[in-house]
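Source file: query_37.tsv. Holds: TSV, C-alpha atoms.
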chain	number	residue	atom	x	y	z
A	1	MET	CA	-11.71	11.54	14.01
A	2	THR	CA	-12.03	7.82	14.68
A	3	ALA	CA	-10.89	5.23	12.16
A	4	ASP	CA	-12.02	1.63	12.05
A	5	PHE	CA	-9.49	-1.16	11.65
A	6	ALA	CA	-9.51	-4.88	11.12
A	7	THR	CA	-6.78	-7.48	10.82
A	8	LEU	CA	-7.06	-10.40	8.45
A	9	GLU	CA	-4.78	-13.43	8.39
A	10	THR	CA	-3.22	-13.85	4.94
A	11	PRO	CA	-0.62	-16.22	3.47
A	12	ALA	CA	1.87	-13.32	3.70
A	13	GLY	CA	1.08	-12.67	7.37
A	14	PRO	CA	-1.45	-10.59	9.31
A	15	PHE	CA	-2.79	-7.69	7.24
A	16	THR	CA	-4.35	-4.67	8.95
A	17	ALA	CA	-6.24	-1.83	7.30
A	18	LEU	CA	-7.46	1.48	8.77
A	19	VAL	CA	-10.43	3.16	7.10
A	20	ASP	CA	-12.10	6.52	7.60
A	21	ALA	CA	-15.83	7.11	8.04
A	22	ASP	CA	-16.31	6.92	4.25
A	23	GLY	CA	-14.56	3.54	4.06
A	24	ALA	CA	-11.43	4.94	2.35
A	25	VAL	CA	-8.17	3.25	3.29
A	26	LEU	CA	-5.94	5.57	5.31
A	27	ALA	CA	-3.19	3.02	5.98
A	28	SER	CA	-2.64	-0.69	5.54
A	29	GLY	CA	0.04	-3.32	5.64
A	30	TRP	CA	1.20	-6.74	6.78
A	31	ILE	CA	1.29	-5.97	10.47
A	32	ALA	CA	-1.06	-6.68	13.38
A	33	ASP	CA	-0.41	-3.35	15.12
A	34	PRO	CA	-2.97	-0.71	14.07
A	35	GLU	CA	-1.18	2.02	16.04
A	36	ALA	CA	1.94	1.52	13.92
A	37	LEU	CA	-0.25	2.20	10.88
A	38	ARG	CA	-2.06	5.15	12.46
A	39	VAL	CA	1.16	7.12	12.83
A	40	LEU	CA	1.87	6.69	9.09
A	41	VAL	CA	-1.24	8.71	8.20
A	42	HIS	CA	-0.60	12.37	7.33
A	43	PRO	CA	-1.25	14.53	10.44
A	44	SER	CA	-4.02	16.46	8.67
A	45	ILE	CA	-6.16	13.31	8.36
A	46	ARG	CA	-4.64	11.12	11.11
A	47	PRO	CA	-7.36	9.62	13.29
A	48	ALA	CA	-7.17	10.42	16.99
A	49	THR	CA	-8.67	7.07	17.96
A	50	LEU	CA	-8.99	3.61	16.49
A	51	ARG	CA	-11.93	1.24	16.75
A	52	ALA	CA	-11.52	-2.50	16.19
A	53	ARG	CA	-13.93	-4.24	13.84
A	54	ASP	CA	-14.22	-7.86	12.80
A	55	ALA	CA	-14.19	-6.79	9.15
A	56	LEU	CA	-14.28	-3.66	6.99
A	57	GLY	CA	-16.79	-4.70	4.33
A	58	PRO	CA	-15.44	-4.12	0.81
A	59	VAL	CA	-11.88	-3.54	2.05
A	60	THR	CA	-11.68	-6.86	3.88
A	61	ARG	CA	-13.34	-8.66	0.96
A	62	ALA	CA	-10.81	-7.12	-1.47
A	63	VAL	CA	-7.84	-8.11	0.69
A	64	ALA	CA	-9.11	-11.68	0.97
A	65	ALA	CA	-9.87	-11.89	-2.76
A	66	TYR	CA	-6.43	-10.53	-3.68
A	67	HIS	CA	-4.67	-13.09	-1.51
A	68	GLU	CA	-6.87	-15.84	-3.00
A	69	GLY	CA	-5.78	-14.88	-6.54
A	70	ASP	CA	-8.05	-12.04	-7.73
A	71	LEU	CA	-5.23	-9.55	-8.24
A	72	THR	CA	-7.56	-6.77	-9.41
A	73	ALA	CA	-9.82	-6.92	-6.34
A	74	ILE	CA	-7.86	-4.09	-4.71
A	75	ASP	CA	-8.23	-1.69	-7.64
A	76	ALA	CA	-11.72	-0.40	-6.81
A	77	ILE	CA	-10.91	0.42	-3.18
A	78	THR	CA	-10.69	4.13	-2.40
A	79	VAL	CA	-7.47	5.30	-0.77
A	80	ARG	CA	-7.04	8.62	1.04
A	81	GLN	CA	-3.46	9.86	1.39
A	82	VAL	CA	-2.31	13.46	1.72
A	83	SER	CA	1.02	14.97	0.72
A	84	GLY	CA	2.55	17.35	-1.78
A	85	PRO	CA	1.75	17.27	-5.50
A	86	PHE	CA	4.58	14.91	-6.53
A	87	LEU	CA	3.89	12.25	-3.89
A	88	THR	CA	0.16	12.39	-4.47
A	89	HIS	CA	0.68	11.97	-8.21
A	90	ALA	CA	3.28	9.23	-7.71
A	91	TRP	CA	0.85	7.23	-5.55
A	92	GLU	CA	-1.79	7.55	-8.27
A	93	VAL	CA	0.75	6.27	-10.80
A	94	LEU	CA	1.58	3.30	-8.56
A	95	ARG	CA	-2.06	2.27	-8.57
A	96	LYS	CA	-1.77	1.83	-12.35
A	97	VAL	CA	1.25	-0.50	-12.29
A	98	PRO	CA	-0.24	-3.85	-13.29
A	99	ALA	CA	0.16	-6.94	-11.16
A	100	GLY	CA	2.80	-9.26	-12.56
A	101	ASP	CA	4.60	-6.46	-14.41
A	102	PRO	CA	6.86	-4.69	-11.89
A	103	ILE	CA	8.82	-1.60	-12.86
A	104	THR	CA	12.12	-0.16	-11.68
A	105	TYR	CA	12.49	2.94	-9.54
A	106	THR	CA	13.93	4.67	-12.63
A	107	GLU	CA	10.90	3.70	-14.73
A	108	PHE	CA	8.61	4.77	-11.89
A	109	ALA	CA	10.28	8.20	-11.78
A	110	ALA	CA	9.84	8.55	-15.55
A	111	VAL	CA	6.16	7.60	-15.62
A	112	SER	CA	5.61	9.91	-12.65
A	113	GLY	CA	6.81	12.80	-14.83
A	114	ARG	CA	10.23	13.33	-13.25
A	115	PRO	CA	12.71	11.01	-14.98
A	116	ALA	CA	15.71	12.40	-13.09
A	117	ALA	CA	14.00	11.99	-9.70
A	118	THR	CA	14.70	8.35	-8.92
A	119	ARG	CA	15.26	9.12	-5.25
A	120	ALA	CA	11.97	11.02	-5.08
A	121	ALA	CA	10.23	8.01	-6.64
A	122	ALA	CA	11.81	5.72	-4.05
A	123	ASN	CA	10.70	8.18	-1.36
A	124	ALA	CA	7.11	7.93	-2.67
A	125	CYS	CA	7.29	4.18	-2.10
A	126	ALA	CA	8.81	4.60	1.36
A	127	ARG	CA	6.16	7.13	2.43
A	128	ASN	CA	3.20	5.16	1.08
A	129	ALA	CA	0.92	4.37	4.02
A	130	ALA	CA	-1.58	2.28	2.04
A	131	ALA	CA	0.47	-0.79	1.09
A	132	LEU	CA	-1.24	-3.26	-1.23
A	133	PHE	CA	-3.86	-0.73	-2.38
A	134	VAL	CA	-1.03	1.54	-3.56
A	135	PRO	CA	1.22	-1.32	-4.67
A	136	CYS	CA	4.71	-0.01	-3.96
A	137	HIS	CA	5.87	-3.63	-3.82
A	138	ARG	CA	5.72	-3.60	-7.64
A	139	VAL	CA	8.79	-1.34	-7.85
A	140	LEU	CA	12.26	-2.91	-8.04
A	141	ARG	CA	15.85	-1.75	-8.26
A	142	THR	CA	17.31	-1.33	-11.74
A	143	ASP	CA	19.31	-4.56	-11.34
A	144	GLY	CA	16.08	-6.45	-10.61
A	145	THR	CA	16.69	-6.89	-6.89
A	146	LEU	CA	13.88	-6.15	-4.50
A	147	GLY	CA	15.04	-2.92	-2.87
A	148	GLY	CA	13.23	-2.07	0.34
A	149	PHE	CA	9.78	-2.75	1.73
A	150	ARG	CA	8.35	-1.60	5.07
A	151	TYR	CA	6.91	-5.06	5.79
A	152	GLY	CA	10.10	-6.96	4.92
A	153	LEU	CA	11.60	-8.44	1.81
A	154	PRO	CA	10.04	-11.90	2.38
A	155	VAL	CA	6.56	-10.30	2.15
A	156	LYS	CA	7.58	-8.31	-0.97
A	157	ARG	CA	8.93	-11.50	-2.58
A	158	TRP	CA	5.71	-13.38	-1.68
A	159	LEU	CA	3.59	-10.63	-3.27
A	160	LEU	CA	5.62	-10.52	-6.48
A	161	ASP	CA	5.58	-14.32	-6.76
A	162	HIS	CA	1.83	-14.35	-6.07
A	163	GLU	CA	1.26	-11.82	-8.85
A	164	THR	CA	3.27	-13.77	-11.42
A	165	ALA	CA	1.86	-17.19	-10.55
Can the structure in the file be given as structure tokens, please?
Amino acid sequence: MTADFATLETPAGPFTALVDADGAVLASGWIADPEALRVLVHPSIRPATLRARDALGPVTRAVAAYHEGDLTAIDAITVRQVSGPFLTHAWEVLRKVPAGDPITYTEFAAVSGRPAATRAAANACARNAAALFVPCHRVLRTDGTLGGFRYGLPVKRWLLDHETA
């Protein structure tokens, strides 16, 4: 399988997305290296090759609109991630966390149906390949600190500030 990718300059840094033949996001994040994203995709759907594009139609438009202030522009974009039942469900739950209203890892575990599984909830964030479209940046530590983020805490802080502006 070949996936298309494009990189867009954003106020938070270069943002790259990989999409499959149907236009579903396989992986994305604030990085200019599409290969680093490709390896995040589950092996069962990981593309063998990548093809550079200037833009990815609705995906690129949604990324640009989000960074320009339309925080719901990302909601209609299809994401394709594969894993076990808990992670798949947890990623669906993340897509429902509203911009500007972050939750804690403990709250995320509870709304994902496993209130005692805070570490599993944090793992769902860490294993999320489709950053922004599955907004793991909206999950914080119980004490309100940022926790981790694959693309760095300055990007996570920018995103949270952008969503509360």
Write out, as JSON lines, each residue of segment 73-107 of chain A that has an atom at most 12 Å from segment 54-58 of chain A, together with the closest pair of atoms and their distance in Å to one decimal, counting all atoms listed in the file, rows going by chain and rising number.
{"residue": "A:Ala73", "atom": "CA", "partner": "A:Pro58", "partner_atom": "CA", "distance": 9.5}
{"residue": "A:Ile74", "atom": "CA", "partner": "A:Pro58", "partner_atom": "CA", "distance": 9.4}
{"residue": "A:Asp75", "atom": "CA", "partner": "A:Pro58", "partner_atom": "CA", "distance": 11.4}
{"residue": "A:Ala76", "atom": "CA", "partner": "A:Pro58", "partner_atom": "CA", "distance": 9.3}
{"residue": "A:Ile77", "atom": "CA", "partner": "A:Pro58", "partner_atom": "CA", "distance": 7.6}
{"residue": "A:Thr78", "atom": "CA", "partner": "A:Pro58", "partner_atom": "CA", "distance": 10.0}
Could you give me, as a tab-separated table, a per-residue list for segment 70-154 of chain A showing, wherever an atom lies at most 12 Å from an atom of segment 17-20 of chain A, the closest pair of atoms and their distance in Å to one decimal, using all atoms listed in the file and sorting by chain then residue number from low to high?
residue	atom	partner	partner_atom	distance
A:Ile77	CA	A:Val19	CA	10.6
A:Thr78	CA	A:Val19	CA	9.6
A:Val79	CA	A:Val19	CA	8.7
A:Arg80	CA	A:Asp20	CA	8.5
A:Gln81	CA	A:Asp20	CA	11.2
A:Ala129	CA	A:Ala17	CA	10.0
A:Ala130	CA	A:Ala17	CA	8.1
A:Ala131	CA	A:Ala17	CA	9.2
A:Leu132	CA	A:Ala17	CA	10.0
A:Phe133	CA	A:Ala17	CA	10.0
Saved selection, atoms kept: C-alpha atoms, as a PDB file, in the coordinates of the input:
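Listed below is the output, selection04.pdb:
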ATOM      1  CA  ILE A  77     -10.910   0.420  -3.180  1.00  0.00           C
ATOM      2  CA  THR A  78     -10.690   4.130  -2.400  1.00  0.00           C
ATOM      3  CA  VAL A  79      -7.470   5.300  -0.770  1.00  0.00           C
ATOM      4  CA  ARG A  80      -7.040   8.620   1.040  1.00  0.00           C
ATOM      5  CA  GLN A  81      -3.460   9.860   1.390  1.00  0.00           C
ATOM      6  CA  ALA A 129       0.920   4.370   4.020  1.00  0.00           C
ATOM      7  CA  ALA A 130      -1.580   2.280   2.040  1.00  0.00           C
ATOM      8  CA  ALA A 131       0.470  -0.790   1.090  1.00  0.00           C
ATOM      9  CA  LEU A 132      -1.240  -3.260  -1.230  1.00  0.00           C
ATOM     10  CA  PHE A 133      -3.860  -0.730  -2.380  1.00  0.00           C
TER      11      PHE A 133
END
query: Any idea what's packed within 12 Å of Pro47 of chain A, counting all atoms listed in the file, ignoring anything in its chain fewer than 2 positions away? Could you give it as a ChimeraX atom specification?
result: /A:1-5,18-21,25-27,34-35,37-45,49-51
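Using only C-alpha atoms, the shortest contact distance between Cys125 of chain A and any of A:Pro14, A:Trp91, A:Ala99, A:Val111 is found at A:Trp91.
Among the candidate residues A:Ala124, A:Ala90, A:Val82, A:Cys136, the one lying nearest to Ile103 of chain A is A:Cys136, with distances computed using only C-alpha atoms.
With only C-alpha atoms as the atoms that count, the minimum distance from Leu140 of chain A to the choices A:Val155, A:Ala117, A:Ala122, A:Thr104 is reached by A:Thr104.
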- prompt: In Å, with one decimal, what is the gap from atom CA of Trp30 of chain A to atom CA of Thr16 of chain A?
  reply: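 Those two atoms sit 6.3 Å apart.
Between atom CA of Gly100 of chain A and atom CA of Thr10 of chain A the separation is 19.1 Å.
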- request: Work out how far apart atom CA of Ile31 of chain A and atom CA of Phe15 of chain A are and give it in Å to one decimal.
  value: 5.5 Å
- request: Check the smallest atom-to-atom distance from each of A:Pro102, A:Pro115, A:Pro11, A:Gly23 to Thr60 of chain A using all atoms listed in the file, then report the winner.
  value: A:Gly23
Each side padded by 3 Å, which centre and which edge lengths in Å (one decimal) define the axis-aligned box around the listed atoms of segment 42-53 of chain A? Give them as JSON.
{"center_x": -7.3, "center_y": 6.1, "center_z": 12.6, "size_x": 19.3, "size_y": 26.7, "size_z": 16.6}
- prompt: Given the choices A:Val134, A:Tyr151, A:Val139, A:Phe108, which gets closest to Ala32 of chain A if the distance is worked out from only C-alpha atoms?
  reply: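 Among the listed residues, A:Tyr151 lies closest to Ala32 of chain A.
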Residue contacts of Lys156 of chain A (8 Å, only C-alpha atoms) excluding same-chain residues fewer than 5 positions away, as a PyMOL selection string: chain A and resi 137+146+149+151
I need the residues from that last selection saved to file as a tab-separated table (two decimals), in the frame of the given file (with C-alpha atoms), if you can.
chain	number	residue	atom	x	y	z
A	137	HIS	CA	5.87	-3.63	-3.82
A	146	LEU	CA	13.88	-6.15	-4.50
A	149	PHE	CA	9.78	-2.75	1.73
A	151	TYR	CA	6.91	-5.06	5.79
query: With only C-alpha atoms as the atoms that count, which of A:Glu68, A:Pro98, A:Asp143, A:Leu87 lies nearest to Ala120 of chain A?
result: A:Leu87
